[in-house]
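Shown next, in structure tokens, is the structure this report addresses.
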Amino acid sequence: MAPLSTLGTVNAPALAIRGLAMTRGYRTLFRDLDLDLAPGQVLQLTGPNGTGKSTLIRLVAGFLRPDAGSIRWSPLPEELSPGEWLHYSGHHEGLRDGLTAHDNVCTLASLLGGDPSRAEAALAEVGAGPLAELPVEVLSAGQRRRVALARLLAAPRPVWLLDEPFTALDRDGQALVRRLIAAHAEAGGIVIAATHQPLDLPEMRHLALGGPAA
Amino acid sequence: MKAWLAILARDLRLARRVGAGAELGLVFFLILVSLLPFAIGADQRFISRIAPAFLWLSALLATLLGLDRLLQADEEEGVLDQFLLAGAPLEWLLLAKALAHWLVTGLPLSLVAPLLGLMLAIEPQAMIPLALSLLVGTPALTLIGLIGAALTVSLKRGGLLLSVLVLPLTVPTLIFGATLVKEAALGRAFTTPLMLLGGMTLLMLVIAPVSAAAALRHARQ
């Protein structure tokens, strides 16, 4: 069986951000932000803490409304509901204590329009196969992170928004994330990752938030 | 539909865990009802007269139990973020959560209530109407609670505020529910309060998911 991460190609829509501005509290995080991402591109977001990396990712995910500017995806199949082409992986993994890793990934796969029967293969792919039947509250932070990554594979979606994907992961895990990102971009997907760890990809876009002007 | 069933199944599985609150609501109901005779004494006629109102009040309080965690646990773990990205509308998914909550609190409560009515010397002809009134009325309580849970989702100690917000909204349901049982105990027809009770539940079925979803979306901004 082929590994899940290399299955097929994905048709990602292109992202166009124009004149984006966002204020949190009294602080202007960014203003007049323009950004274009084509299918197959990876964007690394950097910037000091508190400069709006997470906010930008949550804006792109559609959880927040910008103060000004627009975030457009095109072309989009009309039958999709908002956010249905996105994966968002944030500080909270989206795993519910009290359920096993397998049940969590199954639920997320069904919720996100994936195939719950792929949960097992997805868990194996991210190196969490032996953890499948353990309740997630007994897992370590790094193990939880791996289980959370499994949903990216169990429910294929063209755009990945990853907020600090390397947190708590060991060296192997970090290499795994790099591999997944590279494979996803290779297949034509879009990845936006907020991290200060080097992604080591040959072709990569870079956006640094919180310059001296901000 | 697949997403909806997955959330329903997940919440039912979570409710089966020890201390998750599913059986706790039932035990709480039982304790409240058995405390009443201790407080009032051996005046059976008096107890019998206030039993319909008291049973409904107890059911209301038992339903409130655990409502504060209905959405909060999912919010803290970031699961609600995933709800927003699902193919199904948030309103629809919240309805699955409300149904799961009712299946583990309201439904068992309704089925056990006639037995507890026996403890409170309720008129025999009122026992089936009591169960019926709770079956029709408790979904409204859960749904009103869903709105409260969504409004207090980001508050660390939101449980008390939730009760304060939710309890006044449950007054119509309480009135119609208790009236239904009272009328039945007196041997009179209870179609009118039953219809009104059903109307409350249907109304909440429409209002609650929409308002709760709006509250959750707003809480993110």
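Scheme for the structure tokens: letters A, B, ... for chains in order shown; per-chain residue numbers from 1; ligand numbers from 1 in order shown.
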_Give me, as a PyMOL selection string, all polymer residues having an atom no more than 9 Å from Met119 (chain B), counting only C-alpha atoms and skipping those fewer than 4 positions away in the same chain._
chain B and resi 33-34+37+114-115
Keeping only C-alpha atoms, write the selected residues to a file as a PDB file, in the first residue's frame.
```
ATOM      1  CA  VAL B  33     -36.789  14.137  45.067  1.00  0.00           C
ATOM      2  CA  SER B  34     -35.993  11.992  48.077  1.00  0.00           C
ATOM      3  CA  PRO B  37     -40.218  14.428  52.265  1.00  0.00           C
ATOM      4  CA  PRO B 114     -43.038   8.180  37.254  1.00  0.00           C
ATOM      5  CA  LEU B 115     -41.205   5.957  39.750  1.00  0.00           C
TER       6      LEU B 115
END
```
_Run DSSP on the backbone and tell me which residues of region 90-158 of chain A come out as alpha helix (DSSP H); list them as a ChimeraX atom specification._
/A:101-111,119-125,141-154
Would you mind exporting C-alpha atoms of the selected residues as an mmCIF file, in the first residue's frame?
```cif
data_model
loop_
_atom_site.group_PDB
_atom_site.id
_atom_site.type_symbol
_atom_site.label_atom_id
_atom_site.label_comp_id
_atom_site.auth_asym_id
_atom_site.auth_seq_id
_atom_site.Cartn_x
_atom_site.Cartn_y
_atom_site.Cartn_z
ATOM 1 C CA ALA A 101 -6.287 8.222 19.534
ATOM 2 C CA HIS A 102 -8.036 6.091 16.931
ATOM 3 C CA ASP A 103 -11.533 7.317 17.911
ATOM 4 C CA ASN A 104 -10.323 10.907 17.867
ATOM 5 C CA VAL A 105 -8.856 10.607 14.387
ATOM 6 C CA CYS A 106 -11.970 8.744 13.165
ATOM 7 C CA THR A 107 -14.262 11.476 14.486
ATOM 8 C CA LEU A 108 -12.138 14.247 12.983
ATOM 9 C CA ALA A 109 -11.944 12.399 9.666
ATOM 10 C CA SER A 110 -15.750 12.066 9.515
ATOM 11 C CA LEU A 111 -16.189 15.655 10.624
ATOM 12 C CA ALA A 119 -7.507 6.521 10.481
ATOM 13 C CA GLU A 120 -5.410 3.480 11.244
ATOM 14 C CA ALA A 121 -3.159 3.933 8.218
ATOM 15 C CA ALA A 122 -2.868 7.647 8.947
ATOM 16 C CA LEU A 123 -1.820 6.971 12.543
ATOM 17 C CA ALA A 124 0.776 4.462 11.364
ATOM 18 C CA GLU A 125 2.059 6.974 8.839
ATOM 19 C CA ALA A 141 2.661 16.308 24.248
ATOM 20 C CA GLY A 142 4.708 15.100 21.287
ATOM 21 C CA GLN A 143 2.635 11.943 20.897
ATOM 22 C CA ARG A 144 -0.568 14.018 20.955
ATOM 23 C CA ARG A 145 0.882 16.255 18.269
ATOM 24 C CA ARG A 146 1.548 13.208 16.090
ATOM 25 C CA VAL A 147 -2.012 11.946 16.582
ATOM 26 C CA ALA A 148 -3.284 15.412 15.639
ATOM 27 C CA LEU A 149 -1.180 15.332 12.453
ATOM 28 C CA ALA A 150 -2.854 12.074 11.456
ATOM 29 C CA ARG A 151 -6.042 13.913 10.530
ATOM 30 C CA LEU A 152 -4.190 15.787 7.780
ATOM 31 C CA LEU A 153 -3.764 12.417 6.117
ATOM 32 C CA ALA A 154 -7.095 10.834 7.074
#
```
*Find the residue from B:Val164, B:Leu203, B:Leu135, B:Ala219 that sits nearest to chain A; use only C-alpha atoms when measuring.*
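Closest residue, counting only C-alpha atoms: B:Ala219.
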List every residue of chain A that has an atom at most 6 Å from any atom of chain B, giving for each one its closest atom pair and the distance in Å to one decimal, counting only C-alpha atoms, sorted by chain and then by ascending residue number, as a tab-separated table.
```
residue	atom	partner	partner_atom	distance
A:Leu64	CA	B:Gln221	CA	5.2
A:Ser81	CA	B:Gly87	CA	5.9
A:Gly83	CA	B:Leu85	CA	4.7
A:Glu84	CA	B:Gly87	CA	5.4
A:His92	CA	B:Gly78	CA	4.9
A:Gly94	CA	B:Val79	CA	4.2
A:Thr107	CA	B:Ala6	CA	5.6
A:Ser110	CA	B:Ala3	CA	5.1
A:Leu111	CA	B:Ala3	CA	4.2
A:Leu112	CA	B:Ala86	CA	4.8
```
Could you write out that same residue set with N, CA, C and O atoms as a tab-separated table (two decimals), in the first residue's frame?
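So the final result, stored in result_36.tsv, reads:
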```tsv
chain	number	residue	atom	x	y	z
A	64	LEU	N	-11.54	34.47	12.12
A	64	LEU	CA	-11.59	35.89	12.46
A	64	LEU	C	-11.93	36.68	11.21
A	64	LEU	O	-11.62	36.26	10.10
A	81	SER	N	-18.61	24.39	1.37
A	81	SER	CA	-18.99	25.39	2.37
A	81	SER	C	-17.72	26.04	2.89
A	81	SER	O	-16.62	25.50	2.70
A	83	GLY	N	-14.43	27.09	4.42
A	83	GLY	CA	-13.45	26.35	5.21
A	83	GLY	C	-13.30	24.90	4.85
A	83	GLY	O	-12.46	24.20	5.41
A	84	GLU	N	-14.12	24.42	3.92
A	84	GLU	CA	-14.12	22.98	3.68
A	84	GLU	C	-12.86	22.50	2.96
A	84	GLU	O	-12.63	21.30	2.85
A	92	HIS	N	-4.05	24.13	20.14
A	92	HIS	CA	-4.87	23.05	20.69
A	92	HIS	C	-5.10	22.04	19.58
A	92	HIS	O	-5.49	22.40	18.49
A	94	GLY	N	-7.22	19.70	18.99
A	94	GLY	CA	-8.52	19.24	18.52
A	94	GLY	C	-8.78	17.80	18.91
A	94	GLY	O	-9.62	17.14	18.32
A	107	THR	N	-13.26	10.42	14.38
A	107	THR	CA	-14.26	11.48	14.49
A	107	THR	C	-13.86	12.67	13.64
A	107	THR	O	-14.68	13.22	12.89
A	110	SER	N	-14.34	11.97	9.94
A	110	SER	CA	-15.75	12.07	9.52
A	110	SER	C	-16.20	13.51	9.49
A	110	SER	O	-16.90	13.94	8.58
A	111	LEU	N	-15.78	14.25	10.52
A	111	LEU	CA	-16.19	15.66	10.62
A	111	LEU	C	-15.67	16.45	9.43
A	111	LEU	O	-16.35	17.31	8.88
A	112	LEU	N	-14.43	16.16	9.02
A	112	LEU	CA	-13.78	16.96	7.99
A	112	LEU	C	-13.94	16.35	6.60
A	112	LEU	O	-13.22	16.70	5.67
```
*CA of Leu12 (chain B) and CA of Pro168 (chain B), how far apart in Å?*
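Taking CA of Pro168 (chain B) as the start and CA of Leu12 (chain B) as the end point, the length is 28.3 Å.
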*Mind giving me the straight-line distance from CA of Leu196 (chain B) to CA of Leu60 (chain B) in Å, one decimal?*
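Interatomic distance, CA of Leu196 (chain B) to CA of Leu60 (chain B): 17.3 Å.
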